[in-house]
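Read through the structure below, which is laid out as structure tokens, and then see the notes.
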Amino acid sequence: MEAGLPAERLTRSAPAVPVGIVHLGLGAFFRAHGAVYIEEAMSASGGDWGILGVSLQSATMRDQLTPQGGTYMALELGPEGETLRHVQSVQGVLVAREDAQAVLEAMADPGVRIVSLTVTEKGYCHEPSTGRLNDQHPDIVHDLSHPLPVSAPGYLVRALALRLSRGLPPFTVLTCDNLPNNGHVVRGVVLDLAHAIDPALAAWIEAEGKFPSTMVDRIVPATKPEDIARVEALIGAHDAAPVMHEPFRQWVVEDDFVGGLRPDLGAAGVQLVRDVTEFEHMKLRMLNGTHSSLAYLGYLSGHETIADCMTDPVLDRFVQHLWAAEIIPALTPPEGVSLSEYAQALRARYANPGIRHRTWQIAMDGSQKLPQRILGTLETNLAANRPCPGLMLAVAAWMIYVRGTDLAGQPIEVKDPLAPRLREAATSADPVGALLALREVFPQDLAARLSEPLRKACSDLSALGAKDAMQARL
Ligand code: CS2
């Protein structure tokens with residue numbers, strides 16, 4: 001490319017495919033994971049499974065992708081090199097906040113047989129500690145009385161109502177978020193909301209709807225401005241929204257779709273199973289549990305990314321201790337899987353220097369993440385009288401993190417739907433007691449048993465600093 005000339009925009013090169021899937025929450029993760037698998041399934045076996053993306057809030061993704069025909073580059077960053085791919089399975093993008101009716105009509109289209117979601121943990125408007133719909137959530141209060149919804153559960157329910165009124169079968173709801181029993185959770189919030197709106201609708205969804213649970217995995221850090229420049233230099237065209245990802249990927253899906261209708265996911269390497277529970281527990285507790293632990297303890301140790309944490313011998317040994325002594329003993333492996341091999345593979349994935357995944361990014365929304373990532377493991381271990389000094393330290397690090405100042409007194413920008421309440425509790429006279437009293441995060445029984453070890457862990461962090469406190473627990 002000649003210097004000084006603006007690069008041309010990336011454009012679609014493959015023909016458009018009719019839409020069969022509406023995807024809510026078109027972020028980097030889905031574009032580097034589900035969209036690639038679906039594209040491969042269509043290349044292997046055909047089918048009208050084009051994806052219509054929906055952004056619930058912001059117009060940015062639509063504005064970036066529309067001039068590119070919905071397409072974008074995915075740059076795989078491996079320790080041994082890079083691979084570029086032009087992903088073309090997304091056919092277009094709608095912005096729900098601008099035109100809710102258009103989104104509902106798209107979801108009620110007879111050609112659409114699947115609605116998939118990556119709306120993050122908080123997007124389900126449920127209580128993380130119980131998994132039930134939070135009917136006090138402002139978006140749910142809104143959606144109960146307005147036909148044009150704002151929440152993800154609201155879109156699912158109102159679109160299913162349209163399909164029922166038109167004599168169409170329901171779509172399969174395919175959740176791809178990091179929640180345990182994610183299909184069960186989304187089914188629960190949809191049924192609770194539908195029931196409050198129209199019990200006959202709820203009965204139809206209960207009888208005809210399908211909500212397979214899934215386990216999704218690929219490390220996809222947020223795209224940074226330097227990534228955009230790098231892709232432009234590689235392809236000689238401007239892509240406003242490329243995605244960066246690691247080579248590894250895994251998608252385990254319960255094979256339970258309305259009418260059996262789905263892309264040929266198996267041809268793309270998706271594992272289709274009857275019950276995903278053990279895969280979900282393994283991934284949420286071994287990957288996401290240590291990701292969050294490294295996020296808080298790594299941040300407090302001054303590390304910017306997960307790969308930086310892994311170059312620090314204390315954090316590297318600490319995470320290996322978490323797997324071997326605290327997490328694996330509390331898990332049942334999926335059939336044929338070695339958990340210690342899985343841990344070693346995670347260690348190599350975390351150390352991949354090409355992936356700049358910020359501890360600050362993973363630290364986001366901790367109130368929504370801790371229950372399924374760490375608290376479940378603590379609960380199992382406490383019941384078996386197995387001490388968990390490392391995971392206690394990780395939860396204590398979260399308690400310090402959410403007060404909004406690090407151990408050296410520097411401010412932290414805390415992103416969490418409960419941020420103001422977390423800060424108030426964490427800066428009160430009894431931070432551990434006040435945070436443990438948050439029932440959305442800590443069930444009562446567990447809170448009582450965590451109180452003493454967490455007080456000790458918090459005072460160790462303050463007295464010794466994060467690294468020495470980790471070292472002292474190895
Ligand atoms: C991470 C996940 O940001 C986070 O909370 O733990 O996004 C993680 O990278 C993915 O679940 C990996 O599959």
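Within each chain, counting starts at residue 1; across the structure tokens, chains are named A, B, ... in the order shown, with ligands numbered 1 upward in that order.
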Please write out the residues within 10 Å of ligand 1 as a VMD selection string, counting only C-alpha atoms and all ligand atoms.
-> chain A and resid 28 to 29 33 120 to 121 176 to 179 215 to 222 245 to 246 248 to 251 283 to 284 287 to 295 350 357 to 366 368 to 370 373
Keeping only C-alpha atoms, write the selected residues as a PDB file, in the first residue's frame.
```pdb
ATOM      1  CA  ALA A  28     -15.764 -10.415  19.439  1.00  0.00           C
ATOM      2  CA  PHE A  29     -16.224 -13.805  21.115  1.00  0.00           C
ATOM      3  CA  HIS A  33     -16.071 -18.778  17.682  1.00  0.00           C
ATOM      4  CA  THR A 120     -22.628 -12.076  28.880  1.00  0.00           C
ATOM      5  CA  GLU A 121     -23.628 -13.311  32.318  1.00  0.00           C
ATOM      6  CA  CYS A 176     -23.280 -19.500  24.236  1.00  0.00           C
ATOM      7  CA  ASP A 177     -22.468 -17.728  27.500  1.00  0.00           C
ATOM      8  CA  ASN A 178     -20.248 -18.953  30.324  1.00  0.00           C
ATOM      9  CA  LEU A 179     -22.987 -19.960  32.740  1.00  0.00           C
ATOM     10  CA  MET A 215     -19.913 -25.235  26.593  1.00  0.00           C
ATOM     11  CA  VAL A 216     -18.001 -22.670  24.546  1.00  0.00           C
ATOM     12  CA  ASP A 217     -14.282 -22.033  24.615  1.00  0.00           C
ATOM     13  CA  ARG A 218     -11.822 -19.821  22.789  1.00  0.00           C
ATOM     14  CA  ILE A 219      -9.740 -16.999  24.232  1.00  0.00           C
ATOM     15  CA  VAL A 220     -10.658 -13.810  22.353  1.00  0.00           C
ATOM     16  CA  PRO A 221      -9.369 -10.570  23.882  1.00  0.00           C
ATOM     17  CA  ALA A 222     -11.099  -7.295  23.019  1.00  0.00           C
ATOM     18  CA  HIS A 245      -8.017 -15.199  18.833  1.00  0.00           C
ATOM     19  CA  GLU A 246      -5.955 -18.154  19.984  1.00  0.00           C
ATOM     20  CA  PHE A 248      -7.629 -23.505  20.436  1.00  0.00           C
ATOM     21  CA  ARG A 249     -11.397 -23.782  20.223  1.00  0.00           C
ATOM     22  CA  GLN A 250     -14.049 -26.083  21.640  1.00  0.00           C
ATOM     23  CA  TRP A 251     -17.851 -26.153  21.402  1.00  0.00           C
ATOM     24  CA  LYS A 283     -14.366 -25.416  31.672  1.00  0.00           C
ATOM     25  CA  LEU A 284     -15.992 -22.900  33.996  1.00  0.00           C
ATOM     26  CA  LEU A 287     -10.441 -22.150  32.810  1.00  0.00           C
ATOM     27  CA  ASN A 288     -12.719 -19.334  33.902  1.00  0.00           C
ATOM     28  CA  GLY A 289     -12.080 -19.950  37.638  1.00  0.00           C
ATOM     29  CA  THR A 290      -8.322 -19.552  37.224  1.00  0.00           C
ATOM     30  CA  HIS A 291      -8.777 -16.742  34.682  1.00  0.00           C
ATOM     31  CA  SER A 292     -10.682 -14.741  37.309  1.00  0.00           C
ATOM     32  CA  SER A 293      -8.176 -15.698  40.036  1.00  0.00           C
ATOM     33  CA  LEU A 294      -5.287 -14.526  37.851  1.00  0.00           C
ATOM     34  CA  ALA A 295      -7.259 -11.423  36.879  1.00  0.00           C
ATOM     35  CA  TYR A 350      -2.405 -18.749  29.011  1.00  0.00           C
ATOM     36  CA  HIS A 357      -5.782 -10.559  27.266  1.00  0.00           C
ATOM     37  CA  ARG A 358      -5.928  -7.884  29.930  1.00  0.00           C
ATOM     38  CA  THR A 359      -6.437  -8.834  33.585  1.00  0.00           C
ATOM     39  CA  TRP A 360      -8.653  -5.732  33.814  1.00  0.00           C
ATOM     40  CA  GLN A 361     -10.934  -7.079  31.047  1.00  0.00           C
ATOM     41  CA  ILE A 362     -11.398 -10.453  32.762  1.00  0.00           C
ATOM     42  CA  ALA A 363     -11.889  -8.739  36.149  1.00  0.00           C
ATOM     43  CA  MET A 364     -15.056  -7.097  34.797  1.00  0.00           C
ATOM     44  CA  ASP A 365     -18.471  -8.198  36.109  1.00  0.00           C
ATOM     45  CA  GLY A 366     -16.994 -10.287  38.927  1.00  0.00           C
ATOM     46  CA  GLN A 368     -21.814 -12.198  37.934  1.00  0.00           C
ATOM     47  CA  LYS A 369     -18.871 -14.551  37.464  1.00  0.00           C
ATOM     48  CA  LEU A 370     -17.653 -15.644  40.905  1.00  0.00           C
ATOM     49  CA  ARG A 373     -16.285 -19.922  38.456  1.00  0.00           C
TER      50      ARG A 373
END
```
May I have all residues of region 61-90 of chain A that DSSP, computed from the backbone, assigns to alpha helix (DSSP H), given as a ChimeraX atom specification?
-> /A:61-65
Among the residues A:Asp316, A:Ala32, A:Leu436, A:Val270, the one that comes closest to Ala448 (chain A) [using only C-alpha atoms] =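 Looking at the shortest contact to Ala448 (chain A), the residue is A:Leu436.
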How many Å separate CA of Phe442 (chain A) from CA of Pro371 (chain A)?
-> 7.3 Å
Compare A:Leu24, A:Arg356, A:Leu144, A:Asp255 by their minimum atom-to-atom distance to Ala196 (chain A), counting only C-alpha atoms, and give me the closest one.
->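 Using only C-alpha atoms, Ala196 (chain A) sits closest to A:Leu144.
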Running DSSP on the backbone, which parts of region 109-156 of chain A land in strand (DSSP E or B), as a PyMOL selection string?
-> chain A and resi 114-117+126+133
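For the pair CA of Asp239 (chain A) and CA of Arg31 (chain A), the interatomic distance is 13.8 Å.
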Could you pull the residues within 10 Å of region 100-113 of chain A, counting only C-alpha atoms, minus those fewer than 5 positions along the same chain, as a VMD selection string?
-> chain A and resid 18 to 24 48 to 56 93 to 95 147 to 150 155 to 164 166 to 173 257 to 262
Pull N, CA and C atoms from the residues just selected and write them as a CSV table (one decimal), in the first residue's frame.
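So the final result, stored in out-v6.csv, reads:
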```
chain,number,residue,atom,x,y,z
A,18,PRO,N,-29.1,-17.1,2.8
A,18,PRO,CA,-30.3,-16.8,3.5
A,18,PRO,C,-30.1,-17.0,5.0
A,19,VAL,N,-30.8,-16.1,5.8
A,19,VAL,CA,-30.6,-16.2,7.2
A,19,VAL,C,-31.4,-17.3,7.9
A,20,GLY,N,-30.7,-18.1,8.7
A,20,GLY,CA,-31.4,-19.2,9.5
A,20,GLY,C,-31.2,-19.0,11.0
A,21,ILE,N,-30.2,-18.1,11.3
A,21,ILE,CA,-29.9,-17.9,12.7
A,21,ILE,C,-29.9,-16.4,13.0
A,22,VAL,N,-30.6,-16.0,14.1
A,22,VAL,CA,-30.4,-14.6,14.6
A,22,VAL,C,-29.5,-14.7,15.8
A,23,HIS,N,-28.5,-13.9,15.9
A,23,HIS,CA,-27.6,-14.0,17.0
A,23,HIS,C,-27.7,-12.7,17.9
A,24,LEU,N,-28.1,-12.8,19.1
A,24,LEU,CA,-28.1,-11.6,20.0
A,24,LEU,C,-26.8,-11.4,20.7
A,48,ASP,N,-29.1,-23.2,4.7
A,48,ASP,CA,-29.3,-21.8,4.8
A,48,ASP,C,-29.2,-21.3,6.2
A,49,TRP,N,-28.0,-21.2,6.7
A,49,TRP,CA,-27.7,-20.9,8.1
A,49,TRP,C,-26.9,-19.6,8.2
A,50,GLY,N,-27.2,-18.6,7.3
A,50,GLY,CA,-26.6,-17.3,7.4
A,50,GLY,C,-27.0,-16.7,8.7
A,51,ILE,N,-26.2,-15.8,9.3
A,51,ILE,CA,-26.4,-15.3,10.6
A,51,ILE,C,-26.8,-13.8,10.5
A,52,LEU,N,-27.9,-13.4,11.1
A,52,LEU,CA,-28.2,-12.0,11.3
A,52,LEU,C,-27.8,-11.6,12.7
A,53,GLY,N,-26.8,-10.7,12.8
A,53,GLY,CA,-26.4,-10.3,14.1
A,53,GLY,C,-27.3,-9.2,14.7
A,54,VAL,N,-27.5,-9.2,16.0
A,54,VAL,CA,-28.2,-8.1,16.6
A,54,VAL,C,-27.4,-7.6,17.8
A,55,SER,N,-27.1,-6.2,17.8
A,55,SER,CA,-26.5,-5.6,18.9
A,55,SER,C,-27.7,-5.0,19.7
A,56,LEU,N,-27.7,-5.4,21.0
A,56,LEU,CA,-28.8,-4.9,21.8
A,56,LEU,C,-28.7,-3.4,22.1
A,93,VAL,N,-26.4,-6.7,10.3
A,93,VAL,CA,-26.5,-6.4,11.7
A,93,VAL,C,-27.6,-5.5,12.0
A,94,LEU,N,-28.4,-5.7,13.0
A,94,LEU,CA,-29.5,-4.8,13.4
A,94,LEU,C,-29.1,-4.3,14.8
A,95,VAL,N,-29.7,-3.1,15.1
A,95,VAL,CA,-29.4,-2.5,16.4
A,95,VAL,C,-30.8,-2.4,17.1
A,147,PRO,N,-44.6,-4.0,25.0
A,147,PRO,CA,-44.5,-5.0,23.9
A,147,PRO,C,-43.1,-5.0,23.2
A,148,LEU,N,-42.5,-3.8,23.2
A,148,LEU,CA,-41.2,-3.7,22.6
A,148,LEU,C,-40.1,-3.8,23.7
A,149,PRO,N,-39.4,-4.9,23.7
A,149,PRO,CA,-38.5,-5.2,24.9
A,149,PRO,C,-37.2,-4.5,24.8
A,150,VAL,N,-36.5,-4.5,25.9
A,150,VAL,CA,-35.1,-4.1,26.0
A,150,VAL,C,-34.1,-5.2,26.4
A,155,TYR,N,-36.7,-10.1,24.4
A,155,TYR,CA,-36.7,-10.3,23.0
A,155,TYR,C,-37.1,-11.8,22.7
A,156,LEU,N,-36.6,-12.7,23.5
A,156,LEU,CA,-36.9,-14.1,23.2
A,156,LEU,C,-38.4,-14.3,23.4
A,157,VAL,N,-38.9,-13.8,24.5
A,157,VAL,CA,-40.3,-14.1,24.8
A,157,VAL,C,-41.3,-13.4,23.8
A,158,ARG,N,-41.0,-12.1,23.5
A,158,ARG,CA,-41.9,-11.4,22.6
A,158,ARG,C,-41.8,-12.0,21.2
A,159,ALA,N,-40.7,-12.5,20.8
A,159,ALA,CA,-40.5,-13.1,19.4
A,159,ALA,C,-41.2,-14.4,19.4
A,160,LEU,N,-41.1,-15.2,20.5
A,160,LEU,CA,-41.8,-16.5,20.5
A,160,LEU,C,-43.3,-16.3,20.5
A,161,ALA,N,-43.8,-15.2,21.2
A,161,ALA,CA,-45.2,-14.9,21.2
A,161,ALA,C,-45.7,-14.6,19.7
A,162,LEU,N,-44.9,-13.9,19.0
A,162,LEU,CA,-45.2,-13.6,17.6
A,162,LEU,C,-45.3,-14.9,16.8
A,163,ARG,N,-44.4,-15.8,17.0
A,163,ARG,CA,-44.4,-17.1,16.3
A,163,ARG,C,-45.6,-17.9,16.6
A,164,LEU,N,-45.9,-17.9,17.9
A,164,LEU,CA,-47.1,-18.6,18.3
A,164,LEU,C,-48.4,-18.1,17.6
A,166,ARG,N,-48.6,-16.6,14.9
A,166,ARG,CA,-48.6,-16.9,13.4
A,166,ARG,C,-48.5,-18.4,13.1
A,167,GLY,N,-48.7,-19.2,14.1
A,167,GLY,CA,-48.7,-20.6,13.8
A,167,GLY,C,-47.4,-21.2,13.4
A,168,LEU,N,-46.3,-20.5,13.8
A,168,LEU,CA,-45.0,-21.1,13.5
A,168,LEU,C,-44.4,-21.8,14.6
A,169,PRO,N,-43.5,-22.8,14.4
A,169,PRO,CA,-42.8,-23.5,15.5
A,169,PRO,C,-41.9,-22.5,16.2
A,170,PRO,N,-41.5,-22.8,17.5
A,170,PRO,CA,-40.5,-21.9,18.1
A,170,PRO,C,-39.2,-22.1,17.5
A,171,PHE,N,-38.3,-21.1,17.7
A,171,PHE,CA,-36.9,-21.4,17.4
A,171,PHE,C,-36.2,-22.0,18.5
A,172,THR,N,-35.1,-22.7,18.2
A,172,THR,CA,-34.2,-23.2,19.3
A,172,THR,C,-33.5,-22.0,19.9
A,173,VAL,N,-33.4,-22.0,21.2
A,173,VAL,CA,-32.6,-20.9,21.9
A,173,VAL,C,-31.2,-21.5,22.2
A,257,PHE,N,-32.5,-29.8,19.3
A,257,PHE,CA,-33.0,-28.7,18.5
A,257,PHE,C,-34.4,-28.9,18.1
A,258,VAL,N,-35.2,-27.8,18.0
A,258,VAL,CA,-36.6,-27.9,17.5
A,258,VAL,C,-36.6,-28.6,16.1
A,259,GLY,N,-37.3,-29.7,16.0
A,259,GLY,CA,-37.4,-30.4,14.8
A,259,GLY,C,-36.0,-31.0,14.3
A,260,GLY,N,-35.0,-31.0,15.2
A,260,GLY,CA,-33.7,-31.5,14.8
A,260,GLY,C,-33.0,-30.6,13.9
A,261,LEU,N,-33.5,-29.4,13.7
A,261,LEU,CA,-33.0,-28.5,12.7
A,261,LEU,C,-31.8,-27.7,13.2
A,262,ARG,N,-30.6,-27.9,12.5
A,262,ARG,CA,-29.4,-27.2,12.9
A,262,ARG,C,-28.4,-27.3,11.8
```
Could you tell me how far CA of Pro334 (chain A) lies from CA of Met310 (chain A), in Å and to one decimal?
->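 CA of Met310 (chain A) lies 26.8 Å from CA of Pro334 (chain A).
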Extract, using only C-alpha atoms, all DNA, RNA and protein residues at most 10 Å from Arg230 (chain A), discarding same-chain residues fewer than 6 positions from it, and format them as a PyMOL selection string.
-> chain A and resi 75+236+242
